[in-house]
>>> print(open('run_11.cif').read())   # mmCIF, C-alpha atoms
data_my_file
#
loop_
_atom_site.label_atom_id
_atom_site.label_comp_id
_atom_site.auth_asym_id
_atom_site.auth_seq_id
_atom_site.Cartn_x
_atom_site.Cartn_y
_atom_site.Cartn_z
CA MET A 1 -7.96 -2.91 37.82
CA ILE A 2 -11.51 -4.05 37.31
CA VAL A 3 -11.03 -3.81 33.55
CA THR A 4 -8.06 -6.14 33.90
CA ALA A 5 -9.97 -8.54 36.13
CA THR A 6 -12.79 -8.92 33.62
CA MET A 7 -10.55 -9.08 30.55
CA ALA A 8 -10.47 -12.86 30.50
CA ALA A 9 -14.27 -13.04 30.49
CA LEU A 10 -14.61 -10.77 27.45
CA PRO A 11 -15.07 -12.05 23.90
CA SER A 12 -11.89 -11.63 21.86
CA ALA A 13 -13.56 -9.05 19.57
CA ALA A 14 -14.04 -6.71 22.53
CA ARG A 15 -10.43 -6.83 23.71
CA PRO A 16 -9.07 -4.12 21.38
CA PHE A 17 -11.66 -1.73 22.85
CA VAL A 18 -10.50 -2.59 26.37
CA TRP A 19 -6.89 -1.98 25.36
CA LEU A 20 -7.94 1.35 23.87
CA LEU A 21 -9.76 2.18 27.11
CA ASN A 22 -6.64 1.32 29.10
CA ALA A 23 -4.46 3.48 26.83
CA LEU A 24 -6.86 6.42 27.21
CA SER A 25 -6.95 5.96 30.96
CA VAL A 26 -3.14 6.04 31.18
CA LEU A 27 -3.17 9.12 28.96
CA PHE A 28 -5.54 10.87 31.37
CA GLY A 29 -3.44 10.05 34.43
CA GLY A 30 -4.74 6.70 35.60
CA GLU A 31 -3.15 3.27 35.36
CA THR A 32 -5.69 0.48 35.07
CA GLN A 33 -3.16 -2.29 34.37
CA ALA A 34 -2.62 -3.73 37.85
CA LEU A 35 0.97 -4.87 38.41
CA GLU A 36 2.03 -8.08 40.12
CA GLU A 37 3.52 -7.66 43.61
CA ASP A 38 7.05 -8.39 42.30
CA ALA A 39 6.78 -5.57 39.77
CA VAL A 40 5.48 -3.23 42.49
CA LEU A 41 8.43 -4.12 44.74
CA LYS A 42 10.80 -3.41 41.86
CA LEU A 43 9.20 0.00 41.43
CA VAL A 44 9.59 0.63 45.18
CA GLU A 45 13.30 -0.21 44.96
CA GLN A 46 13.78 2.06 41.94
CA ALA A 47 11.87 4.91 43.61
CA ARG A 48 13.97 4.53 46.76
CA ALA A 49 17.08 4.87 44.57
CA GLY A 50 15.78 8.21 43.30
CA ASP A 51 14.10 7.14 40.05
CA ARG A 52 11.35 9.73 39.59
CA ALA A 53 9.61 7.85 36.75
CA ALA A 54 9.34 4.78 38.98
CA ARG A 55 7.93 6.92 41.78
CA GLN A 56 5.31 8.33 39.43
CA ARG A 57 4.32 4.87 38.20
CA LEU A 58 4.03 3.69 41.79
CA TYR A 59 1.82 6.67 42.53
CA ARG A 60 -0.41 6.10 39.48
CA GLN A 61 -0.69 2.42 40.24
CA HIS A 62 -2.16 3.08 43.69
CA VAL A 63 -3.80 6.49 43.83
CA GLN A 64 -7.24 5.35 42.65
CA ARG A 65 -7.28 2.50 45.15
CA VAL A 66 -6.48 4.91 48.00
CA PHE A 67 -9.13 7.39 46.86
CA ARG A 68 -11.96 4.85 46.53
CA THR A 69 -11.05 3.36 49.92
CA VAL A 70 -11.05 6.63 51.85
CA ARG A 71 -14.06 7.93 49.89
CA GLY A 72 -16.07 5.11 51.40
CA MET A 73 -15.09 6.30 54.89
CA LEU A 74 -15.40 10.06 54.45
CA ARG A 75 -18.33 12.35 53.77
CA SER A 76 -17.17 14.31 50.74
CA ASP A 77 -15.00 14.18 47.66
CA ALA A 78 -13.00 17.17 48.91
CA GLU A 79 -12.05 15.34 52.13
CA ALA A 80 -11.17 12.23 50.16
CA GLU A 81 -8.93 14.31 47.87
CA ASP A 82 -7.11 15.84 50.85
CA VAL A 83 -6.65 12.51 52.60
CA THR A 84 -5.48 10.80 49.38
CA GLN A 85 -2.96 13.57 48.80
CA ASP A 86 -1.62 13.40 52.38
CA ALA A 87 -1.48 9.60 52.38
CA MET A 88 0.32 9.41 49.02
CA LEU A 89 2.82 12.05 50.13
CA THR A 90 3.48 10.23 53.41
CA ALA A 91 3.97 6.95 51.56
CA LEU A 92 6.22 8.33 48.83
CA THR A 93 8.42 10.15 51.33
CA SER A 94 8.60 7.11 53.67
CA LEU A 95 9.36 4.33 51.20
CA ASP A 96 12.45 3.41 53.25
CA ARG A 97 10.16 2.34 56.09
CA TYR A 98 8.35 -0.24 53.98
CA SER A 99 9.65 -3.76 54.40
CA PRO A 100 8.20 -6.54 52.23
CA ARG A 101 9.94 -9.07 54.49
CA SER A 102 7.28 -8.44 57.14
CA GLY A 103 4.84 -10.18 54.76
CA THR A 104 2.80 -7.05 54.17
CA ARG A 105 1.81 -6.29 50.60
CA PHE A 106 2.72 -2.77 49.45
CA ALA A 107 -0.98 -2.01 48.85
CA ALA A 108 -1.81 -3.07 52.43
CA TRP A 109 1.01 -0.88 53.83
CA LEU A 110 -0.24 2.09 51.79
CA THR A 111 -3.83 1.46 52.88
CA ALA A 112 -2.72 1.48 56.53
CA ILE A 113 -1.22 4.94 55.96
CA ALA A 114 -4.48 6.09 54.34
CA VAL A 115 -6.57 4.75 57.25
CA ASN A 116 -4.31 6.51 59.79
CA THR A 117 -4.53 9.74 57.81
CA THR A 118 -8.33 9.44 57.78
CA ARG A 119 -8.41 8.85 61.52
CA ARG A 120 -6.20 11.88 62.21
CA ARG A 121 -8.67 13.94 60.23
CA PHE A 122 -11.55 12.55 62.33
CA ARG A 123 -9.72 13.38 65.55
CA ARG A 124 -9.27 16.96 64.38
CA ARG A 125 -12.83 17.65 63.26
CA ARG A 126 -15.12 14.70 63.95
CA PRO A 127 -17.39 15.31 60.95
CA GLU A 128 -20.93 13.99 60.70
CA LEU A 129 -20.86 11.14 58.24
CA THR A 130 -23.73 12.04 56.00
CA ALA A 131 -22.58 11.00 52.58
CA THR A 132 -24.98 12.49 50.08
CA GLY A 133 -23.49 11.08 46.93
CA GLU A 134 -22.38 14.33 45.38
CA LEU A 135 -21.63 14.11 41.69
CA PRO A 136 -18.12 13.91 40.31
CA ASP A 137 -17.09 17.31 38.96
CA VAL A 138 -16.30 16.04 35.48
CA ALA A 139 -17.40 13.06 33.46
CA ASP A 140 -14.91 10.35 32.63
CA PRO A 141 -13.49 11.28 29.21
CA THR A 142 -13.44 7.64 28.15
CA GLY A 143 -17.10 6.91 28.92
CA ASP A 144 -20.44 7.62 27.22
CA ILE A 145 -23.27 9.68 28.68
CA ALA A 146 -25.59 6.76 29.48
CA ALA A 147 -22.77 4.99 31.31
CA ASP A 148 -21.95 8.19 33.21
CA ILE A 149 -25.56 8.55 34.37
CA ASP A 150 -25.62 4.92 35.44
CA LEU A 151 -22.32 5.34 37.29
CA THR A 152 -23.60 8.49 39.00
CA ARG A 153 -26.72 6.64 40.19
CA GLN A 154 -24.67 3.72 41.46
CA ARG A 155 -22.30 6.08 43.23
CA ALA A 156 -25.10 7.98 44.94
CA ALA A 157 -26.79 4.75 46.06
CA LEU A 158 -23.53 3.30 47.39
CA LEU A 159 -22.63 6.45 49.32
CA GLN A 160 -26.11 6.66 50.79
CA ALA A 161 -26.01 3.00 51.85
CA LEU A 162 -22.52 3.46 53.33
CA ALA A 163 -23.65 6.48 55.35
CA GLU A 164 -26.19 4.24 57.08
CA LEU A 165 -23.55 1.76 58.30
CA GLU A 166 -21.70 1.97 61.61
CA PRO A 167 -18.25 3.64 61.33
CA ARG A 168 -16.44 0.35 62.01
CA GLU A 169 -18.54 -1.48 59.37
CA ARG A 170 -17.87 1.30 56.89
CA GLU A 171 -14.13 1.02 57.53
CA ILE A 172 -14.16 -2.72 57.05
CA VAL A 173 -16.18 -2.75 53.82
CA SER A 174 -14.10 0.12 52.41
CA LEU A 175 -10.90 -1.81 53.08
CA ARG A 176 -12.38 -4.97 51.59
CA TYR A 177 -13.95 -3.55 48.43
CA GLY A 178 -11.96 -0.33 47.98
CA SER A 179 -8.51 -1.78 48.61
CA ASP A 180 -9.15 -5.46 47.92
CA LEU A 181 -7.69 -6.52 51.29
CA ASN A 182 -8.56 -9.90 52.75
CA ALA A 183 -9.98 -10.45 56.24
CA SER A 184 -6.54 -11.14 57.79
CA GLU A 185 -5.06 -7.96 56.33
CA ILE A 186 -8.05 -5.91 57.53
CA ALA A 187 -7.80 -7.50 60.98
CA ALA A 188 -4.10 -6.60 61.20
CA GLN A 189 -4.82 -3.01 60.28
CA LEU A 190 -7.73 -2.53 62.64
CA ASP A 191 -6.23 -4.59 65.47
CA MET A 192 -9.12 -7.09 65.47
CA GLU A 193 -9.60 -10.84 65.16
CA ALA A 194 -9.92 -12.06 61.54
CA ALA A 195 -13.02 -14.08 62.48
CA ASN A 196 -14.63 -10.95 63.85
CA VAL A 197 -13.81 -9.06 60.65
CA ARG A 198 -15.42 -11.83 58.57
CA LYS A 199 -18.57 -11.68 60.71
CA ILE A 200 -18.89 -7.90 60.44
CA LEU A 201 -18.07 -8.03 56.73
CA GLU A 202 -20.79 -10.58 56.03
CA ARG A 203 -23.40 -8.61 57.98
CA ALA A 204 -22.39 -5.31 56.33
CA ARG A 205 -22.36 -6.90 52.87
CA VAL A 206 -25.94 -8.10 53.26
CA ARG A 207 -27.11 -4.73 54.61
CA LEU A 208 -25.32 -2.85 51.83
CA GLY A 209 -26.74 -5.10 49.14
CA GLU A 210 -30.32 -4.80 50.42
CA ARG A 211 -30.08 -1.05 50.83
CA ILE A 212 -28.53 -0.46 47.40
CA GLU A 213 -31.17 -2.58 45.72
CA ALA A 214 -33.93 -0.72 47.58
CA LEU A 215 -32.42 2.64 46.63
CA GLY A 216 -32.04 1.50 43.03
CA LYS A 217 -35.71 0.50 42.87
CA SER A 218 -36.96 3.74 44.46
CA ARG A 219 -34.80 5.86 42.10
CA GLY A 220 -35.91 3.81 39.13
CA ALA A 221 -39.56 4.35 40.11
CA ALA A 222 -38.99 8.08 40.61
CA ALA A 223 -37.33 8.34 37.18
CA MET B 1 -25.12 -8.71 46.22
CA ASN B 2 -22.04 -10.90 46.20
CA ASP B 3 -18.39 -10.03 46.78
CA THR B 4 -17.57 -9.50 43.08
CA GLU B 5 -20.59 -7.28 42.48
CA LEU B 6 -19.65 -5.07 45.42
CA MET B 7 -16.03 -4.97 44.26
CA ASN B 8 -17.24 -3.75 40.83
CA LEU B 9 -19.66 -1.29 42.41
CA TRP B 10 -16.80 0.29 44.39
CA SER B 11 -15.26 1.48 41.13
CA ALA B 12 -18.06 4.08 41.10
CA LEU B 13 -16.15 5.81 43.93
CA GLU B 14 -13.02 6.32 41.85
CA PRO B 15 -11.90 9.92 41.37
CA SER B 16 -12.87 11.83 38.25
CA GLY B 17 -10.21 12.87 35.74
CA ARG B 18 -10.10 16.38 37.16
CA GLN B 19 -9.80 15.12 40.74
CA ARG B 20 -6.97 12.79 39.74
CA ALA B 21 -5.15 15.62 37.99
CA ARG B 22 -5.61 17.92 41.02
CA ILE B 23 -4.24 15.37 43.48
CA GLU B 24 -1.33 14.47 41.21
CA THR B 25 -0.34 18.10 40.69
CA ARG B 26 -0.38 18.83 44.42
CA VAL B 27 1.56 15.69 45.34
CA PHE B 28 4.29 16.12 42.73
CA ASP B 29 4.59 19.90 43.22
CA TRP B 30 5.13 19.25 46.92
CA LEU B 31 7.69 16.52 46.25
CA GLU B 32 9.58 18.68 43.78
CA ALA B 33 9.60 21.63 46.16
CA SER B 34 10.84 19.47 49.03
CA GLU B 35 13.67 18.16 46.85
CA THR B 36 14.85 21.59 45.69
CA SER B 37 17.48 22.99 48.06
CA ILE B 38 17.17 26.54 49.39
CA ALA B 39 20.60 27.32 47.88
CA ALA B 40 19.34 26.30 44.43
CA GLU B 41 16.26 28.48 44.84
CA TRP B 42 18.41 31.49 45.78
CA LEU B 43 20.78 30.85 42.89
CA GLY B 44 17.74 30.77 40.62
CA LEU B 45 16.73 34.20 41.93
CA VAL B 46 20.15 35.81 41.40
CA LYS B 47 20.99 34.07 38.15
CA VAL B 48 22.85 36.30 35.70
CA GLU B 49 21.06 37.28 32.50
CA PRO B 50 23.81 38.79 30.25
CA LEU B 51 21.50 40.72 27.91
CA THR B 52 19.53 42.29 30.73
CA ALA B 53 22.74 43.21 32.59
CA LEU B 54 24.23 44.76 29.42
CA THR B 55 21.08 46.78 28.84
CA TYR B 56 21.08 48.13 32.42
CA ALA B 57 24.80 49.02 32.16
CA SER B 58 24.32 50.82 28.82
CA VAL B 59 21.37 52.83 30.12
CA GLY B 60 23.42 53.77 33.20
CA VAL B 61 26.41 54.97 31.18
CA VAL B 62 24.28 56.99 28.73
CA SER B 63 22.41 58.55 31.65
CA LEU B 64 25.68 59.60 33.32
CA ILE B 65 27.09 61.09 30.09
CA LEU B 66 23.93 63.04 29.31
CA LEU B 67 22.79 64.10 32.75
CA THR B 68 26.13 65.18 34.25
CA PRO B 69 26.58 68.27 31.99
CA VAL B 70 22.90 69.09 32.48
CA GLY B 71 23.56 68.99 36.24
CA TRP B 72 26.49 71.37 35.92
CA ILE B 73 24.46 73.84 33.87
CA VAL B 74 21.58 73.71 36.34
CA GLY B 75 24.12 74.22 39.16
CA TRP B 76 25.48 77.38 37.51
CA LEU B 77 22.02 78.80 36.82
CA VAL B 78 20.52 78.12 40.25
CA PRO B 79 22.55 79.80 42.99
#
>>> encode(input="run_11.cif", output="structure tokens")
Amino acid sequence: MIVTATMAALPSAARPFVWLLNALSVLFGGETQALEEDAVLKLVEQARAGDRAARQRLYRQHVQRVFRTVRGMLRSDAEAEDVTQDAMLTALTSLDRYSPRSGTRFAAWLTAIAVNTTRRRFRRRRPELTATGELPDVADPTGDIAADIDLTRQRAALLQALAELEPREREIVSLRYGSDLNASEIAAQLDMEAANVRKILERARVRLGERIEALGKSRGAAA
Amino acid sequence: MNDTELMNLWSALEPSGRQRARIETRVFDWLEASETSIAAEWLGLVKVEPLTALTYASVGVVSLILLTPVGWIVGWLVP
């Protein structure tokens, strides 16, 4: 998705490499090419009618978004994997309940399921949120080593900074930056006022930015 | 950090290739299992394999032909 968003800003010579990166990503199970809402709704209709290929495309289009959103709220990759799996299963087996006429984007509906699944998990175990920034268990096959190290550092700093936020702030920033929801969509999901969401978001964004920069400097000095 | 920078930073939380594969396998295995009827599973268990059945039948017939006279002889010898 981010690759697609930055495509326009790239020089034309670099575009073939981005297309190659996209192709490799699809080959390895991801789908970076974000679809328009109309195309997503068409996939939903086809999946409802029993089209398994459409269901799989719908899954691949959204699974990374769900994972990165819940990963910001949970303390480990393992928990995020479990929640992503449960949320995707709930969504794919409840497609009949989704109604675009309510004005809710499919991604927002799916994110609401993921947030509810995360909350159920909290009710069951109430884990201590001490994200430590554990490393991913395998490097991205499409990246180089220097980029992987950089990504690992960024990941660790982000998780550490997130762990220092209040649970409600963490939820709000995860929905904003993990799922790309706007303040009104976040407010609807968390049963809050949009103005309140904006206020918390602004405060959390500043705190996150300061903390990540501080962590980046201290890690850079240590290295 | 601005909104766009944070949005880009969040991509660092995306699942690794292995994690994606693990989640996808579990999700689609579950979906496939839930869509397979119990009747179909049972039919799969009792499906007829002609060669295997023919082999079993042949072994049974040969055993009967060979072992029956042996049984009679043993019966005569052992009172």
>>> closest_atom_pairs(input="run_11.cif", of="chain B", to="chain A", cutoff="10 Å", atoms="all atoms listed in the file", output="JSON lines")
{"residue": "B:Met1", "atom": "CA", "partner": "A:Gly209", "partner_atom": "CA", "distance": 4.9}
{"residue": "B:Asn2", "atom": "CA", "partner": "A:Arg205", "partner_atom": "CA", "distance": 7.8}
{"residue": "B:Asp3", "atom": "CA", "partner": "A:Arg205", "partner_atom": "CA", "distance": 7.9}
{"residue": "B:Thr4", "atom": "CA", "partner": "A:Tyr177", "partner_atom": "CA", "distance": 8.8}
{"residue": "B:Glu5", "atom": "CA", "partner": "A:Gly209", "partner_atom": "CA", "distance": 9.3}
{"residue": "B:Leu6", "atom": "CA", "partner": "A:Tyr177", "partner_atom": "CA", "distance": 6.6}
{"residue": "B:Met7", "atom": "CA", "partner": "A:Tyr177", "partner_atom": "CA", "distance": 4.9}
{"residue": "B:Asn8", "atom": "CA", "partner": "A:Ile2", "partner_atom": "CA", "distance": 6.7}
{"residue": "B:Leu9", "atom": "CA", "partner": "A:Gln154", "partner_atom": "CA", "distance": 7.1}
{"residue": "B:Trp10", "atom": "CA", "partner": "A:Gly178", "partner_atom": "CA", "distance": 6.1}
{"residue": "B:Ser11", "atom": "CA", "partner": "A:Arg68", "partner_atom": "CA", "distance": 7.2}
{"residue": "B:Ala12", "atom": "CA", "partner": "A:Arg155", "partner_atom": "CA", "distance": 5.1}
{"residue": "B:Leu13", "atom": "CA", "partner": "A:Arg68", "partner_atom": "CA", "distance": 5.0}
{"residue": "B:Glu14", "atom": "CA", "partner": "A:Arg68", "partner_atom": "CA", "distance": 5.0}
{"residue": "B:Pro15", "atom": "CA", "partner": "A:Phe67", "partner_atom": "CA", "distance": 6.6}
{"residue": "B:Ser16", "atom": "CA", "partner": "A:Pro136", "partner_atom": "CA", "distance": 6.0}
{"residue": "B:Gly17", "atom": "CA", "partner": "A:Asp140", "partner_atom": "CA", "distance": 6.2}
{"residue": "B:Arg18", "atom": "CA", "partner": "A:Val138", "partner_atom": "CA", "distance": 6.4}
{"residue": "B:Gln19", "atom": "CA", "partner": "A:Glu81", "partner_atom": "CA", "distance": 7.2}
{"residue": "B:Arg20", "atom": "CA", "partner": "A:Gly29", "partner_atom": "CA", "distance": 6.9}
{"residue": "B:Ala21", "atom": "CA", "partner": "A:Gly29", "partner_atom": "CA", "distance": 6.8}
{"residue": "B:Arg22", "atom": "CA", "partner": "A:Glu81", "partner_atom": "CA", "distance": 8.4}
{"residue": "B:Ile23", "atom": "CA", "partner": "A:Gln85", "partner_atom": "CA", "distance": 5.8}
{"residue": "B:Glu24", "atom": "CA", "partner": "A:Gln85", "partner_atom": "CA", "distance": 7.8}
{"residue": "B:Thr25", "atom": "CA", "partner": "A:Gln85", "partner_atom": "CA", "distance": 9.7}
{"residue": "B:Arg26", "atom": "CA", "partner": "A:Gln85", "partner_atom": "CA", "distance": 7.3}
{"residue": "B:Val27", "atom": "CA", "partner": "A:Gln85", "partner_atom": "CA", "distance": 6.1}
{"residue": "B:Phe28", "atom": "CA", "partner": "A:Gln56", "partner_atom": "CA", "distance": 8.5}
{"residue": "B:Trp30", "atom": "CA", "partner": "A:Leu89", "partner_atom": "CA", "distance": 8.2}
{"residue": "B:Leu31", "atom": "CA", "partner": "A:Leu89", "partner_atom": "CA", "distance": 7.7}
{"residue": "B:Ser34", "atom": "CA", "partner": "A:Thr93", "partner_atom": "CA", "distance": 9.9}
>>> write_last_selection(input="run_11.cif", atoms="C-alpha atoms", output="PDB file, in the coordinates of the input")
ATOM      1  CA  MET B   1     -25.120  -8.710  46.220  1.00  0.00           C
ATOM      2  CA  ASN B   2     -22.040 -10.900  46.200  1.00  0.00           C
ATOM      3  CA  ASP B   3     -18.390 -10.030  46.780  1.00  0.00           C
ATOM      4  CA  THR B   4     -17.570  -9.500  43.080  1.00  0.00           C
ATOM      5  CA  GLU B   5     -20.590  -7.280  42.480  1.00  0.00           C
ATOM      6  CA  LEU B   6     -19.650  -5.070  45.420  1.00  0.00           C
ATOM      7  CA  MET B   7     -16.030  -4.970  44.260  1.00  0.00           C
ATOM      8  CA  ASN B   8     -17.240  -3.750  40.830  1.00  0.00           C
ATOM      9  CA  LEU B   9     -19.660  -1.290  42.410  1.00  0.00           C
ATOM     10  CA  TRP B  10     -16.800   0.290  44.390  1.00  0.00           C
ATOM     11  CA  SER B  11     -15.260   1.480  41.130  1.00  0.00           C
ATOM     12  CA  ALA B  12     -18.060   4.080  41.100  1.00  0.00           C
ATOM     13  CA  LEU B  13     -16.150   5.810  43.930  1.00  0.00           C
ATOM     14  CA  GLU B  14     -13.020   6.320  41.850  1.00  0.00           C
ATOM     15  CA  PRO B  15     -11.900   9.920  41.370  1.00  0.00           C
ATOM     16  CA  SER B  16     -12.870  11.830  38.250  1.00  0.00           C
ATOM     17  CA  GLY B  17     -10.210  12.870  35.740  1.00  0.00           C
ATOM     18  CA  ARG B  18     -10.100  16.380  37.160  1.00  0.00           C
ATOM     19  CA  GLN B  19      -9.800  15.120  40.740  1.00  0.00           C
ATOM     20  CA  ARG B  20      -6.970  12.790  39.740  1.00  0.00           C
ATOM     21  CA  ALA B  21      -5.150  15.620  37.990  1.00  0.00           C
ATOM     22  CA  ARG B  22      -5.610  17.920  41.020  1.00  0.00           C
ATOM     23  CA  ILE B  23      -4.240  15.370  43.480  1.00  0.00           C
ATOM     24  CA  GLU B  24      -1.330  14.470  41.210  1.00  0.00           C
ATOM     25  CA  THR B  25      -0.340  18.100  40.690  1.00  0.00           C
ATOM     26  CA  ARG B  26      -0.380  18.830  44.420  1.00  0.00           C
ATOM     27  CA  VAL B  27       1.560  15.690  45.340  1.00  0.00           C
ATOM     28  CA  PHE B  28       4.290  16.120  42.730  1.00  0.00           C
ATOM     29  CA  TRP B  30       5.130  19.250  46.920  1.00  0.00           C
ATOM     30  CA  LEU B  31       7.690  16.520  46.250  1.00  0.00           C
ATOM     31  CA  SER B  34      10.840  19.470  49.030  1.00  0.00           C
TER      32      SER B  34
END
>>> atom_distance(input="run_11.cif", atom1="CA of Glu79 (chain A)", atom2="CA of Arg121 (chain A)")
8.9 Å
>>> atom_distance(input="run_11.cif", atom1="CA of Leu215 (chain A)", atom2="CA of Thr118 (chain A)")
27.4 Å
>>> atom_distance(input="run_11.cif", atom1="CA of Arg168 (chain A)", atom2="CA of Ala188 (chain A)")
14.2 Å
>>> resolve_selection(input="run_11.cif", expression="the PyMOL selection byres ((chain A and resi 106) around 12)", output="PDB file with C-alpha atoms, keeping the file's coordinate frame")
ATOM      1  CA  LEU A  35       0.970  -4.870  38.410  1.00  0.00           C
ATOM      2  CA  GLU A  36       2.030  -8.080  40.120  1.00  0.00           C
ATOM      3  CA  GLU A  37       3.520  -7.660  43.610  1.00  0.00           C
ATOM      4  CA  ASP A  38       7.050  -8.390  42.300  1.00  0.00           C
ATOM      5  CA  ALA A  39       6.780  -5.570  39.770  1.00  0.00           C
ATOM      6  CA  VAL A  40       5.480  -3.230  42.490  1.00  0.00           C
ATOM      7  CA  LEU A  41       8.430  -4.120  44.740  1.00  0.00           C
ATOM      8  CA  LYS A  42      10.800  -3.410  41.860  1.00  0.00           C
ATOM      9  CA  LEU A  43       9.200   0.000  41.430  1.00  0.00           C
ATOM     10  CA  VAL A  44       9.590   0.630  45.180  1.00  0.00           C
ATOM     11  CA  GLU A  45      13.300  -0.210  44.960  1.00  0.00           C
ATOM     12  CA  LEU A  58       4.030   3.690  41.790  1.00  0.00           C
ATOM     13  CA  TYR A  59       1.820   6.670  42.530  1.00  0.00           C
ATOM     14  CA  GLN A  61      -0.690   2.420  40.240  1.00  0.00           C
ATOM     15  CA  HIS A  62      -2.160   3.080  43.690  1.00  0.00           C
ATOM     16  CA  ALA A  91       3.970   6.950  51.560  1.00  0.00           C
ATOM     17  CA  LEU A  92       6.220   8.330  48.830  1.00  0.00           C
ATOM     18  CA  LEU A  95       9.360   4.330  51.200  1.00  0.00           C
ATOM     19  CA  ARG A  97      10.160   2.340  56.090  1.00  0.00           C
ATOM     20  CA  TYR A  98       8.350  -0.240  53.980  1.00  0.00           C
ATOM     21  CA  SER A  99       9.650  -3.760  54.400  1.00  0.00           C
ATOM     22  CA  PRO A 100       8.200  -6.540  52.230  1.00  0.00           C
ATOM     23  CA  ARG A 101       9.940  -9.070  54.490  1.00  0.00           C
ATOM     24  CA  SER A 102       7.280  -8.440  57.140  1.00  0.00           C
ATOM     25  CA  GLY A 103       4.840 -10.180  54.760  1.00  0.00           C
ATOM     26  CA  THR A 104       2.800  -7.050  54.170  1.00  0.00           C
ATOM     27  CA  ARG A 105       1.810  -6.290  50.600  1.00  0.00           C
ATOM     28  CA  ALA A 107      -0.980  -2.010  48.850  1.00  0.00           C
ATOM     29  CA  ALA A 108      -1.810  -3.070  52.430  1.00  0.00           C
ATOM     30  CA  TRP A 109       1.010  -0.880  53.830  1.00  0.00           C
ATOM     31  CA  LEU A 110      -0.240   2.090  51.790  1.00  0.00           C
ATOM     32  CA  THR A 111      -3.830   1.460  52.880  1.00  0.00           C
ATOM     33  CA  ALA A 112      -2.720   1.480  56.530  1.00  0.00           C
ATOM     34  CA  ILE A 113      -1.220   4.940  55.960  1.00  0.00           C
ATOM     35  CA  SER A 179      -8.510  -1.780  48.610  1.00  0.00           C
ATOM     36  CA  LEU A 181      -7.690  -6.520  51.290  1.00  0.00           C
ATOM     37  CA  GLU A 185      -5.060  -7.960  56.330  1.00  0.00           C
TER      38      GLU A 185
END
>>> decode(input="run_11.cif", residues="region 47-87 of chain A", atoms="C-alpha atoms", output="PDB file, in the first residue's frame")
ATOM      1  CA  ALA A  47     -16.924 -14.007  -2.240  1.00  0.00           C
ATOM      2  CA  ARG A  48     -20.477 -14.003  -0.871  1.00  0.00           C
ATOM      3  CA  ALA A  49     -21.556 -15.880  -4.005  1.00  0.00           C
ATOM      4  CA  GLY A  50     -19.001 -18.592  -3.227  1.00  0.00           C
ATOM      5  CA  ASP A  51     -16.080 -17.467  -5.395  1.00  0.00           C
ATOM      6  CA  ARG A  52     -13.039 -18.799  -3.521  1.00  0.00           C
ATOM      7  CA  ALA A  53     -10.498 -16.851  -5.606  1.00  0.00           C
ATOM      8  CA  ALA A  54     -12.313 -13.612  -4.762  1.00  0.00           C
ATOM      9  CA  ARG A  55     -12.319 -14.556  -1.089  1.00  0.00           C
ATOM     10  CA  GLN A  56      -8.577 -15.171  -1.205  1.00  0.00           C
ATOM     11  CA  ARG A  57      -7.924 -11.830  -2.922  1.00  0.00           C
ATOM     12  CA  LEU A  58     -10.060 -10.093  -0.325  1.00  0.00           C
ATOM     13  CA  TYR A  59      -8.041 -11.801   2.383  1.00  0.00           C
ATOM     14  CA  ARG A  60      -4.677 -10.881   0.830  1.00  0.00           C
ATOM     15  CA  GLN A  61      -5.780  -7.323   0.286  1.00  0.00           C
ATOM     16  CA  HIS A  62      -6.469  -6.797   3.996  1.00  0.00           C
ATOM     17  CA  VAL A  63      -4.448  -9.217   6.099  1.00  0.00           C
ATOM     18  CA  GLN A  64      -1.363  -7.003   6.418  1.00  0.00           C
ATOM     19  CA  ARG A  65      -3.465  -4.024   7.442  1.00  0.00           C
ATOM     20  CA  VAL A  66      -5.148  -6.074  10.181  1.00  0.00           C
ATOM     21  CA  PHE A  67      -1.827  -7.450  11.420  1.00  0.00           C
ATOM     22  CA  ARG A  68      -0.045  -4.085  11.640  1.00  0.00           C
ATOM     23  CA  THR A  69      -3.063  -2.567  13.397  1.00  0.00           C
ATOM     24  CA  VAL A  70      -3.396  -5.229  16.086  1.00  0.00           C
ATOM     25  CA  ARG A  71       0.403  -5.517  16.431  1.00  0.00           C
ATOM     26  CA  GLY A  72       0.417  -1.931  17.631  1.00  0.00           C
ATOM     27  CA  MET A  73      -2.078  -2.857  20.361  1.00  0.00           C
ATOM     28  CA  LEU A  74      -0.675  -6.210  21.475  1.00  0.00           C
ATOM     29  CA  ARG A  75       2.550  -7.222  23.157  1.00  0.00           C
ATOM     30  CA  SER A  76       3.866  -9.928  20.853  1.00  0.00           C
ATOM     31  CA  ASP A  77       3.925 -11.152  17.283  1.00  0.00           C
ATOM     32  CA  ALA A  78       2.365 -14.448  18.370  1.00  0.00           C
ATOM     33  CA  GLU A  79      -0.671 -12.671  19.843  1.00  0.00           C
ATOM     34  CA  ALA A  80      -0.978 -10.511  16.749  1.00  0.00           C
ATOM     35  CA  GLU A  81      -0.899 -13.629  14.561  1.00  0.00           C
ATOM     36  CA  ASP A  82      -3.672 -15.273  16.596  1.00  0.00           C
ATOM     37  CA  VAL A  83      -5.847 -12.166  16.606  1.00  0.00           C
ATOM     38  CA  THR A  84      -5.302 -11.584  12.863  1.00  0.00           C
ATOM     39  CA  GLN A  85      -6.267 -15.176  12.144  1.00  0.00           C
ATOM     40  CA  ASP A  86      -9.421 -14.992  14.307  1.00  0.00           C
ATOM     41  CA  ALA A  87     -10.451 -11.613  12.906  1.00  0.00           C
TER      42      ALA A  87
END
